[in-house]
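A.B. asks: Structure provided below as structure tokens; questions to follow.
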Amino acid sequence: MGIDLTKKQHIKNSHRTAPKSDNVYLKLLVKLYRFLARRTDSNFNKVILRRLFLSKVNRPPVSLSRIASTLKDEDKKDKIVVVVGTVTNDVRLLGDFPKATIAALKFTAGAKEKILKAGGETITLDQLALRAPTGQNTLLLRGPKNARKEVKSFGFGPHKHKVPKVLSVGRKFEQARGRRRSRGFKV
């Protein structure tokens with residue numbers, strides 16, 4: 001009698017276990033948060049570690065307006081905002097930005113200027129590890145992952161209402177199959 005071989009033998013775990021980037025600062029952060037994830041029973045450090053491994057597409061930027069709208073709640077006012085990614089300025093943000101402590105991988109010059117002008121502070125993730133080793137009193141935010149232009153055409157097909165990948169828009173484009181009855185079908 002042989003062993004009943006199933007498909008389970010060679011299933012590969014496709015999650016990243018380290019960042020693809022060669023950035024030495026990112027590697028140091030991974031070292032730090034790998035230690036914290038192992039030695040503390042906090043889920044926060046595990047989440048930060050997993051997000052440090054992500055590609056740039058999966059780490060979308062967070063705008064100041066998103067942070068400002070989140071901090072409007074009374075119970076969230078005094079928390080440290082944590083972003084594993086870039087914090088960007090938003091020129092549409094009218095009025096004053098609330099005073100806040102924000103920890104992120106990177107800040108754009110405009111965003112940093114606006115945060116400091118409001119009396120807040122910008123800190124790095126290693127400084128955050130010293131202040132909140134288990135993620136106490138923090139607020140973890142993410143940017144809009146599907147706001148990229150390319151996402152509009154994912155899953156393209158007839159009757160899907162997706163944006164086609166075209167060189168240009170005009171009379172000479174997108175006029176063949178699927179757009180005329182004489183060329184197969186018309187949507």
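Just so we're on the same page: first chain in the structure tokens is A, next is B, and so on; residues restart at 1 for each chain, and ligands are numbered from 1 in the order they show up.
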With a distance cut-off of 7 Å and only C-alpha atoms, select the neighbouring residues of stretch 129-142 of chain A, excluding the residue or stretch itself and same-chain residues fewer than 2 positions from it, and output the selection as a ChimeraX atom specification.
C.D. replies: /A:40,42,44-45,62,79-83,125-127,144
A.B. asks: Please dump the current selection as a PDB file, in the first residue's frame; keep C-alpha atoms.
C.D. replies:
```pdb
ATOM      1  CA  THR A  40       5.758  41.210  22.894  1.00  0.00           C
ATOM      2  CA  SER A  42       1.059  42.735  20.835  1.00  0.00           C
ATOM      3  CA  PHE A  44       0.319  45.800  16.493  1.00  0.00           C
ATOM      4  CA  ASN A  45       3.999  44.900  15.973  1.00  0.00           C
ATOM      5  CA  VAL A  62      -1.842  58.702   3.057  1.00  0.00           C
ATOM      6  CA  LYS A  79      -3.521  59.225  19.618  1.00  0.00           C
ATOM      7  CA  ILE A  80      -0.298  58.801  17.629  1.00  0.00           C
ATOM      8  CA  VAL A  81      -1.129  58.297  13.950  1.00  0.00           C
ATOM      9  CA  VAL A  82       0.957  55.483  12.409  1.00  0.00           C
ATOM     10  CA  VAL A  83       1.428  55.105   8.643  1.00  0.00           C
ATOM     11  CA  LEU A 125       8.945  54.212  13.174  1.00  0.00           C
ATOM     12  CA  ASP A 126      12.002  53.448  15.328  1.00  0.00           C
ATOM     13  CA  GLN A 127      11.172  56.459  17.532  1.00  0.00           C
ATOM     14  CA  PRO A 144      -6.484  54.088  -0.814  1.00  0.00           C
TER      15      PRO A 144
END
```
A.B. asks: Would you list the contacts of A:Gly178 as number ranges by chain, taking every protein, DNA or RNA residue within 10 Å and counting only C-alpha atoms, but skipping same-chain residues closer than 5 positions in sequence?
C.D. replies: A: 157-159, 183-187
A.B. asks: Please return, as a list of chain:residue names, all residues of stretch 87-119 of chain A that DSSP assigns to strand (DSSP E or B) on the basis of the backbone.
C.D. replies: A:Val87, A:Thr88, A:Thr101, A:Ile102, A:Ala103, A:Ala104, A:Leu105, A:Lys106, A:Phe107
A.B. asks: Kindly indicate which residue among A:Arg38, A:Lys160, A:Lys20, A:Arg59 lies nearest to A:Leu105, using only C-alpha atoms for the distances.
C.D. replies: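 Closest candidate: A:Arg59.
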A.B. asks: If you run DSSP on this backbone, which residues of stretch 105-165 of chain A come out as alpha helix (DSSP H), and could you give them as a PyMOL selection string?
C.D. replies: chain A and resi 109-117+125-131
A.B. asks: List the spatial neighbours of A:Ala18 as a list in words - criterion: any atom at most 10 Å away, only C-alpha atoms, same-chain residues fewer than 5 positions off excluded.
C.D. replies: Lys27, Val30, Lys31, Leu49, Arg50, Leu52, Phe53 and Leu54 of chain A
A.B. asks: Near A:Lys56, within 10 Å and counting only C-alpha atoms, which residues show up once chain neighbours fewer than 5 positions away are dropped, as a ChimeraX atom specification?
C.D. replies: /A:21,61,85-86
A.B. asks: List the spatial neighbours of stretch 99-101 of chain A as a compact mmCIF listing (two decimals) with N, CA, C and O atoms, in the first residue's frame - criterion: any atom at most 6 Å away, only C-alpha atoms, same-chain residues fewer than 5 positions off excluded.
C.D. replies:
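Output below, filename around.txt:
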```txt
# COMPACT_ATOMS: atom_id res chain seq x y z
N ILE A 80 -1.40 58.67 18.60
CA ILE A 80 -0.30 58.80 17.63
C ILE A 80 -0.75 58.12 16.34
O ILE A 80 -1.12 56.95 16.35
N ALA A 118 1.34 73.31 12.52
CA ALA A 118 0.17 73.14 13.39
C ALA A 118 0.58 72.83 14.83
O ALA A 118 -0.27 72.67 15.71
N GLY A 119 1.89 72.69 15.07
CA GLY A 119 2.37 72.40 16.42
C GLY A 119 2.50 70.91 16.69
O GLY A 119 2.76 70.48 17.82
N GLY A 120 2.34 70.11 15.64
CA GLY A 120 2.47 68.66 15.79
C GLY A 120 3.90 68.22 15.62
O GLY A 120 4.81 69.05 15.55
N GLU A 121 4.11 66.90 15.56
CA GLU A 121 5.48 66.41 15.33
C GLU A 121 5.48 65.20 14.42
O GLU A 121 4.51 64.43 14.38
N THR A 122 6.57 65.06 13.70
CA THR A 122 6.74 63.91 12.80
C THR A 122 7.84 63.03 13.38
O THR A 122 8.92 63.52 13.67
```
A.B. asks: So that I can check the surroundings of A:Glu150, please list as a list in words every protein, DNA and RNA residue that reaches within 12 Å of it, counting only C-alpha atoms and ignoring chain neighbours fewer than 4 positions away.
C.D. replies: Val57, Lys145, Asn146, Phe154, Gly155, Phe156, Lys162, Val163, Pro164, Lys165 and Val166 of chain A
A.B. asks: Measuring atom to atom with only C-alpha atoms, identify which of A:Val84, A:Leu128, A:Leu71, A:Val169 is nearest to A:Leu36.
C.D. replies: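 Ranked by minimum distance to A:Leu36, first place goes to A:Leu128.
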